[in-house]
Number of protein chains: 2
Amino acid sequence: MSAIRLLVLGAVRQHGRAHGYQIRNDLEFWGAHEWSNAKPGSIYHALKQLAKQGELLAHEVAPSTAGGPPRTEYELTEAGTAEYFRLLRESLVAYDQKADVLTAGVGFIVDLPRAEAVELLKERVRAIEGWRASVTEHYVPEDGPEQLGHIGEIMNLWISQADSGVEWTRGFIARIEAGAHVFSGEGDPFVGVLADGEENPYATDVRAEGDDD
Amino acid sequence: MSAIRLLVLGAVRQHGRAHGYQIRNDLEFWGAHEWSNAKPGSIYHALKQLAKQGELLAHEVAPSTAGGPPRTEYELTEAGTAEYFRLLRESLVAYDQKADVLTAGVGFIVDLPRAEAVELLKERVRAIEGWRASVTEHYVPEDGPEQLGHIGEIMNLWISQADSGVEWTRGFIARIEAGAHVFSGEGDPFVGVLADGEENPYATDVRAEGDDD
DNA sequence: AGTAGTCTAGTCAAAGTTGAATAGAAGGGT
DNA sequence: ACCCTTCTATTCAACTTTGACTAGACTACT
C-alpha cells in the first residue's frame, strides 16, 4: 500500500480537525508531494475513503470563510486513531523498499514513546537482515553469481540498498538513544504544521534540478 | 511512471513475438512480480494499452495450442522499439528513487552498446549528485539541520540513499569498464527467457521470510 | 467601479493497479 | 469412464492515482 493513508491520518490528527486543503498544504510543507503520491486528487480521495470506512468523521461545513467552495472538515474516530498507529508501526518495521512509506513513518515517529521507537527500528534492522539472507541464499546457489550474467547486478543493487538501509537505521537508533528529538510524553512535541497565516518556504518544487520523476 | 511499460516492451522484444502468458512467465522468472507491479492484470493491461498506442502490433491468433482461451500475440512496431530505448535510457539516468524502474533498466542494459551504458551511468551519478546538492542546499539553510527536529532525519535518509546509489553505480561502471557482461554488438547476448519446456526455478515466492510488503 | 490575477477548495474523467474469477485442455489415479 | 487437479491464458470489477479543470472570493491596479 502507498503512504497516503498514513500521511492523511497523521496530518488530520495533528490538527485535531482539518479540511482537505489544510492537509494538502501540510503535506506540501513536508515536501510529501515530492516523495509520495500526496497529490490533491489522492488526498481528497483518501479522505473520502477513510470517512466511508469509519476512520474519519466528516463534518459538512457551511461555505468557506476564505473563498472557494464549501469545505468538509474531518477528525479521527477511535478506529482511525487505532489504524493510524497500526500503519505507523508497520511503516517503521516493514522492509518493502518503498521509500515513501518509511519516510512518512519517520515523519510521525515522535507520536510513539521513545522506547517503542527504538524497538521498532531494531526490528526493522532484523527484518532487513533476514530479507538479505533469504535473497543471497536463493539467488546465489552453489555455482556463484556469474551464472546470472548482468542479471546478477540486480542482486548487487538490492543488497547494496539493504545494507545502506541497515546503516541508516542503526545511525537513527543511536541518535534516538542518545536523547535526540522529543517523543510522546516528553513535553511539547515538534509539530510540522503551518500556523495560520505563516507562509510556506518550501511550497514550490524543491527538486528543481537533477530530477525528472 | 512505473516500470511496467519498459518491462513489457523489453520482454516482447526478446521474444520477437509473444503472447501475454509468455511475458508473464518471463517477468516472473526475473522475479519482477516481487520488485515491480508486473502482475497479470497490469501486464495484460499494458499490452492492450501499448497496442492501442501503436507501440505493439496485435495478432489475433486461433485457439491456443496448449489449452486455455485463445491468445493474442504481440510484436514491437518501429515506434515501440523507439519507445523501448527511450524508456531504457531514461531508467538508467533518472534518479527518481523508485527502485523498480532502475532495476528494470539494469535488466535490459545489455541491449545498449557498452560505451553508451557507461556514459548513461556516469550521467546517473551526476544526476544523483546534483539532486543531493540541491536538497542539502534547500533544506539545510544557515541555521543547521537541528531546526527541523526529527523531520531532519528524513533528509538524512534521503541523503544516505543517494550516497549508496552513487556508490553502487560507480561499482557497476567499474565492472563494465573492466569488461564484465556481454553488450550489444559483442556476440551472443545473455538472455533471461525460458526455453520452451525449461522449468522456472524461481517461479514462487522468493522473499518468503522477512518481508511483508 | 471594472477587471485581471491569484488564492482557496474541491471535482472529475481517464488511466493504472490489484487480486480474484473464468474457462479450456491435459494428465493421473481409481 | 469419471473426477480431480494442474497448467494455460485471459478477463473483470473494484479501487487508486493523476493532472487538468471548475468556481467562488479577495486584492491590486487602472
# chains A, B, ... in the order shown; residues from 1 in each chain; ligands from 1

$ residues_around --residues "Tyr95 in chain A" --least-positions-apart "3" --cutoff "12 Å" --atoms "only C-alpha atoms (C1' of nucleotides)" --output "number ranges by chain"
A: 90-92, 98-102, 120-121, 123-132, 158, 161-163, 165-166, 169; B: 35, 207, 209-213

$ interface_residues --of "chain D" --to "chain B" --cutoff "7 Å" --atoms "only C-alpha atoms (C1' of nucleotides)" --output "list in words"
DT8, DA9 and DT10 of chain D

$ write_last_selection --atoms "C-alpha atoms (C1' of nucleotides)" --output "PDB file, in the first residue's frame"
ATOM      1  C1'  DT D   8      -2.501 -22.475 -19.802  1.00  0.00           C
ATOM      2  C1'  DA D   9      -4.248 -17.926 -20.787  1.00  0.00           C
ATOM      3  C1'  DT D  10      -7.024 -14.215 -20.092  1.00  0.00           C
TER       4       DT D  10
END

$ atom_distance --atom1 "CA of Arg17 in chain B" --atom2 "CA of Gly54 in chain B"
15.3 Å

$ select_by_dssp --residues "range 28-69 of chain A" --states "strand (DSSP E)" --output "list in words"
Leu56, Leu57, Ala58, His59 and Glu60 of chain A

$ interface_residues --of "chain C" --to "chain B" --cutoff "9 Å" --atoms "only C-alpha atoms (C1' of nucleotides)" --output "PyMOL selection string"
chain C and resi 16-19+23-26

$ select_by_dssp --residues "range 6-212 of chain A" --states "helix (DSSP H, G or I)" --output "ChimeraX atom specification"
/A:6-15,20-29,32-35,40-52,78-93,99-111,114-139,145-177

$ residues_around --residues "Gly107 in chain A" --least-positions-apart "6" --cutoff "9 Å" --atoms "only C-alpha atoms (C1' of nucleotides)" --output "compact mmCIF listing (two decimals) with N, CA and C atoms, in the first residue's frame"
# COMPACT_ATOMS: atom_id res chain seq x y z
N LEU A 7 -0.21 9.25 5.82
CA LEU A 7 0.03 10.69 5.76
C LEU A 7 -1.23 11.46 6.11
N TRP A 30 5.76 19.55 4.01
CA TRP A 30 6.73 18.48 4.29
C TRP A 30 7.41 17.98 3.02
N GLY A 192 5.04 19.71 12.63
CA GLY A 192 5.30 20.27 11.31
C GLY A 192 4.06 20.79 10.62
N HIS B 150 12.89 16.16 14.26
CA HIS B 150 13.04 14.82 13.70
C HIS B 150 12.79 14.80 12.21
N ILE B 151 12.20 15.87 11.67
CA ILE B 151 11.99 15.93 10.23
C ILE B 151 13.33 15.93 9.49
N GLU B 153 15.64 14.05 10.06
CA GLU B 153 16.03 12.65 9.87
C GLU B 153 15.60 12.15 8.50
N ILE B 154 14.51 12.73 8.00
CA ILE B 154 14.05 12.34 6.67
C ILE B 154 15.11 12.71 5.65

$ closest_residue --among "B:Ala82, B:Val106, B:Ala11, B:Leu112" --to "chain A" --atoms "only C-alpha atoms"
B:Val106

$ closest_residue --among "A:Asn25, A:Gln14, A:Thr136, A:Thr103" --to "chain B" --atoms "only C-alpha atoms"
A:Thr103
